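Before any comments, here is the structure.
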Amino acid sequence: MANHNAKVAIVTGAASGIGYAITERLLKEGASVVGADLNEDRLSQLEQELGEHFVGLKMDVTKEADHEALVSKTISRFGKLDYAFNVAGASKAGTITDLSETDWKFTVDLVLNGVFLGMKHQAGQMKKQGSGGAIVNVSSLNAQVPMYTGSAYASAKAGVEMLTKNGALELARHNIRVNTILPGLVDTPLTEGFNSNEEIKDAFLERIPMNRAADPKEMAGPALFLVSEDASYINGASLLVDGAWAVSGYPDLSQWS
């Protein structure tokens with residue numbers, strides 16, 4: 001496959017989960033990738049495994065200087081930037097009355113501000129090039145469906161969805177498209193706590209009509225579709241990739257909190 005032959009992409013959160021799946025798929029389809037993550041050891045390992053078209057860079061997505069360095073590294077190594085995938089995220093849980101301000105800020109800074117900073121510098125480079133581009137942000141089903149103890153995460157992911165729409169509005173005149181995917185339950189390190197507890201896992205699967213968690217590779221396909229020419233008139237869209245979970249509701253997690 002060479003659907004993305006000679007394209008250059010940035011992927012944050014590239015060391016595992018959805019970010020790794022997107023990275024792997026891009027490389028298989030002919031793209032070059034600069035993958036960013038806090039896990040420097042894993043990035044070094046991936047450089048050995050994935051070959052010369054992959055470059056890893058340790059970064060903290062909450063730091064603007066790190067985004068500047070990421071874009072600079074991409075241009076110095078591959079000469080341009082066509083796509084960006086903002087995947088990195090995590091959360092600290094707690095009910096609204098118990099959640100500390102520190103944990104709230106940690107989650108919002110990582111999930112929402114990290115995407116804002118990414119878009120700012122990715123789109124800035126694309127504008128400078130003058131040849132357009134495409135950005136995909138990874139939001140969540142929780143952008144639209146609340147989760148017990150997940151107020152910070154759900155609010156931040158809802159922010160990512162609206163930030164995506166605002167980005168589409170502002171950047172369309174520069175031929176830069178911005179879309180988001182909203183994953184449901186995906187088998188990643190972030191959801192290990194859900195998937196490793198049989199009671200919680202069963203409560204989730206009862207509400208997912210497809211009766212399983214997704215493989216991260218099932219997020220890569222939709223994400224790559226949204227940057228492709230097949231999606232050339234899709235802009236500011238939110239694509240649910242949740243096995244029909246949104247139609248059935250969210251489990252009550254209070255009994256396990």
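Ligands are numbered from 1 in the order shown, residues from 1 within each chain, and chains are lettered A, B, ... in the order they appear in the structure tokens.
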
All alpha helix (DSSP H) positions in stretch 58-162 of chain A, as a count of residues only: 51

Members of stretch 7-213 of chain A assigned strand (DSSP E or B) by DSSP, as number ranges by chain: A: 8-12, 32-37, 54-58, 83-86, 94, 133-138, 150, 176-183, 186

Polymer residues at most 12 Å from A:Thr97, only C-alpha atoms, same-chain spacing of 2 or more positions, as a PyMOL selection string: chain A and resi 93-95+99-101+104+148-152

Counting only C-alpha atoms, which residues of stretch 55-134 of chain A fall within 7 Å of stretch 34-41 of chain A, and what is the closest atom pair for each with its distance in Å at one decimal, ordered by chain and rising number, as a Markdown table?
```
| residue | atom | partner | partner_atom | distance |
| --- | --- | --- | --- | --- |
| A:Val55 | CA | A:Val34 | CA | 4.7 |
| A:Gly56 | CA | A:Gly35 | CA | 4.8 |
| A:Leu57 | CA | A:Ala36 | CA | 4.9 |
| A:Lys58 | CA | A:Leu38 | CA | 5.2 |
| A:Met59 | CA | A:Leu38 | CA | 5.4 |
| A:Asp60 | CA | A:Leu38 | CA | 6.2 |
| A:Thr74 | CA | A:Val34 | CA | 6.2 |
```

Could you write out the selected residues, including all heavy atoms, as a short mmCIF file (atom, residue, chain, number, x, y, z; two decimals), in the first residue's frame?
```cif
data_model
loop_
_atom_site.label_atom_id
_atom_site.label_comp_id
_atom_site.auth_asym_id
_atom_site.auth_seq_id
_atom_site.Cartn_x
_atom_site.Cartn_y
_atom_site.Cartn_z
N VAL A 55 11.44 8.76 12.93
CA VAL A 55 12.32 9.45 13.87
C VAL A 55 11.54 9.67 15.17
O VAL A 55 10.39 10.14 15.13
CB VAL A 55 12.77 10.81 13.32
CG1 VAL A 55 13.59 11.57 14.36
CG2 VAL A 55 13.58 10.63 12.04
N GLY A 56 12.13 9.32 16.29
CA GLY A 56 11.50 9.54 17.58
C GLY A 56 12.05 10.78 18.26
O GLY A 56 13.23 11.10 18.11
N LEU A 57 11.19 11.47 18.99
CA LEU A 57 11.62 12.65 19.73
C LEU A 57 10.90 12.69 21.07
O LEU A 57 9.67 12.71 21.12
CB LEU A 57 11.32 13.93 18.95
CG LEU A 57 11.80 15.23 19.60
CD1 LEU A 57 13.32 15.30 19.61
CD2 LEU A 57 11.22 16.44 18.87
N LYS A 58 11.67 12.71 22.16
CA LYS A 58 11.07 12.84 23.48
C LYS A 58 10.49 14.23 23.63
O LYS A 58 11.15 15.23 23.34
CB LYS A 58 12.11 12.59 24.58
CG LYS A 58 11.52 12.68 25.98
CD LYS A 58 12.57 12.47 27.06
CE LYS A 58 11.95 12.57 28.44
NZ LYS A 58 12.97 12.38 29.51
N MET A 59 9.24 14.31 24.08
CA MET A 59 8.63 15.61 24.28
C MET A 59 7.51 15.55 25.30
O MET A 59 6.93 14.49 25.54
CB MET A 59 8.09 16.19 22.97
CG MET A 59 6.78 15.56 22.50
SD MET A 59 5.97 16.48 21.16
CE MET A 59 5.57 18.03 21.95
N ASP A 60 7.22 16.69 25.87
CA ASP A 60 6.10 16.89 26.78
C ASP A 60 5.12 17.80 26.05
O ASP A 60 5.42 18.96 25.78
CB ASP A 60 6.60 17.54 28.07
CG ASP A 60 5.50 17.81 29.08
OD1 ASP A 60 4.30 17.75 28.71
OD2 ASP A 60 5.82 18.11 30.24
N THR A 74 11.04 17.85 12.44
CA THR A 74 10.36 17.28 11.26
C THR A 74 10.87 17.94 9.98
O THR A 74 11.17 17.25 8.99
CB THR A 74 8.85 17.48 11.39
OG1 THR A 74 8.40 16.87 12.61
CG2 THR A 74 8.11 16.85 10.22
#
```

Interatomic distance, atom CA of A:Asn137 to atom CA of A:Tyr250 (Å, one decimal): 22.6 Å

Nearest-residue call for A:Gly221, choices A:Thr23, A:Ser248, A:Asn5, A:Asn86, using only C-alpha atoms: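 Comparing A:Thr23, A:Ser248, A:Asn5, A:Asn86 against A:Gly221, the winner is A:Thr23.
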
Within 7 Å of A:Asn235 using only C-alpha atoms, minus same-chain residues under 3 positions, as a list in words: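 Near neighbours after the sequence-gap exclusion: Ala168, Arg177, Val178 and Asn179 of chain A.
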
Output file for the residues above (N, CA, C and O atoms, as a short mmCIF file (atom, residue, chain, number, x, y, z; two decimals), in the first residue's frame):
```
data_model
loop_
_atom_site.label_atom_id
_atom_site.label_comp_id
_atom_site.auth_asym_id
_atom_site.auth_seq_id
_atom_site.Cartn_x
_atom_site.Cartn_y
_atom_site.Cartn_z
N ALA A 168 -10.94 24.08 12.03
CA ALA A 168 -11.44 23.92 10.66
C ALA A 168 -11.92 25.25 10.11
O ALA A 168 -11.66 25.60 8.95
N ARG A 177 -7.19 21.07 6.63
CA ARG A 177 -8.39 20.46 7.20
C ARG A 177 -8.08 19.95 8.60
O ARG A 177 -6.98 19.45 8.87
N VAL A 178 -9.07 20.08 9.51
CA VAL A 178 -8.91 19.62 10.89
C VAL A 178 -10.15 18.82 11.27
O VAL A 178 -11.28 19.33 11.22
N ASN A 179 -9.94 17.57 11.63
CA ASN A 179 -11.03 16.69 12.03
C ASN A 179 -10.64 15.94 13.30
O ASN A 179 -9.47 15.97 13.73
#
```

Option closest in space to A:Leu171, from A:Lys157, A:Lys63, A:Lys73, A:Lys127 [counting only C-alpha atoms]: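 Among the listed residues, A:Lys127 lies closest to A:Leu171.
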
Closest of A:Ser139, A:Ser76, A:Ser91, A:Gln45 to A:Val241 - atom-to-atom distances counting only C-alpha atoms: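 Once distances to A:Val241 are computed over only C-alpha atoms, the minimum belongs to A:Ser139.
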
Residue contacts of stretch 111-123 of chain A (8 Å, only C-alpha atoms) excluding same-chain residues fewer than 5 positions away, as an mmCIF file with C-alpha atoms, in the first residue's frame:
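Saved to out32.cif:
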```cif
data_model
loop_
_atom_site.group_PDB
_atom_site.id
_atom_site.type_symbol
_atom_site.label_atom_id
_atom_site.label_comp_id
_atom_site.auth_asym_id
_atom_site.auth_seq_id
_atom_site.Cartn_x
_atom_site.Cartn_y
_atom_site.Cartn_z
ATOM 1 C CA VAL A 61 3.004 18.039 24.882
ATOM 2 C CA THR A 62 2.177 20.553 27.632
ATOM 3 C CA LYS A 63 5.349 22.526 26.798
ATOM 4 C CA GLU A 64 5.190 24.956 23.878
ATOM 5 C CA HIS A 67 6.125 21.555 20.042
ATOM 6 C CA GLU A 68 8.380 24.087 18.374
ATOM 7 C CA VAL A 71 8.090 20.795 14.096
ATOM 8 C CA LEU A 81 4.879 18.609 7.147
ATOM 9 C CA ALA A 84 -0.378 15.837 12.156
ATOM 10 C CA ASN A 86 -2.518 14.735 18.129
ATOM 11 C CA ALA A 88 -1.189 11.997 23.491
ATOM 12 C CA GLY A 89 -3.451 12.022 26.529
ATOM 13 C CA ALA A 90 -4.077 10.716 30.039
ATOM 14 C CA SER A 91 -6.188 11.667 33.034
ATOM 15 C CA GLY A 133 -2.312 19.884 5.088
ATOM 16 C CA ILE A 135 -4.693 17.500 11.189
ATOM 17 C CA ASN A 137 -7.085 15.201 16.855
ATOM 18 C CA TYR A 153 -11.179 14.134 31.097
ATOM 19 C CA ALA A 156 -11.104 18.378 28.157
ATOM 20 C CA LYS A 157 -12.074 15.962 25.389
ATOM 21 C CA GLY A 159 -12.830 20.986 24.408
ATOM 22 C CA VAL A 160 -10.745 19.067 21.873
ATOM 23 C CA LEU A 163 -11.119 23.215 19.212
ATOM 24 C CA LEU A 171 -7.662 27.105 8.656
ATOM 25 C CA ILE A 176 -5.715 22.878 6.027
#
```

Which polymer residues have any atom within 9 Å of an atom of A:Gly249, counting only C-alpha atoms, with same-chain residues fewer than 6 positions away left out, as a PDB file with N, CA, C and O atoms, in the first residue's frame?
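For reference, around27.pdb as written:
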```pdb
ATOM      1  N   VAL A 145     -20.357  11.928  26.005  1.00  0.00           N
ATOM      2  CA  VAL A 145     -20.999  11.086  27.008  1.00  0.00           C
ATOM      3  C   VAL A 145     -20.221  11.188  28.316  1.00  0.00           C
ATOM      4  O   VAL A 145     -19.020  10.893  28.346  1.00  0.00           O
ATOM      5  N   ARG A 207     -22.810  -2.643  27.277  1.00  0.00           N
ATOM      6  CA  ARG A 207     -23.314  -1.425  26.643  1.00  0.00           C
ATOM      7  C   ARG A 207     -22.715  -1.174  25.265  1.00  0.00           C
ATOM      8  O   ARG A 207     -23.056  -0.194  24.604  1.00  0.00           O
ATOM      9  N   ILE A 208     -21.801  -2.015  24.846  1.00  0.00           N
ATOM     10  CA  ILE A 208     -21.205  -1.876  23.516  1.00  0.00           C
ATOM     11  C   ILE A 208     -21.841  -2.918  22.611  1.00  0.00           C
ATOM     12  O   ILE A 208     -21.582  -4.122  22.769  1.00  0.00           O
TER      13      ILE A 208
END
```

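We find atom CA of A:Ile18 and atom CA of A:Lys217 to be spaced 7.0 Å apart.
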
Residue neighbourhood A:Asp202, 12 Å, only C-alpha atoms, exclusion window fewer than 6 positions, as a count of residues only: 10
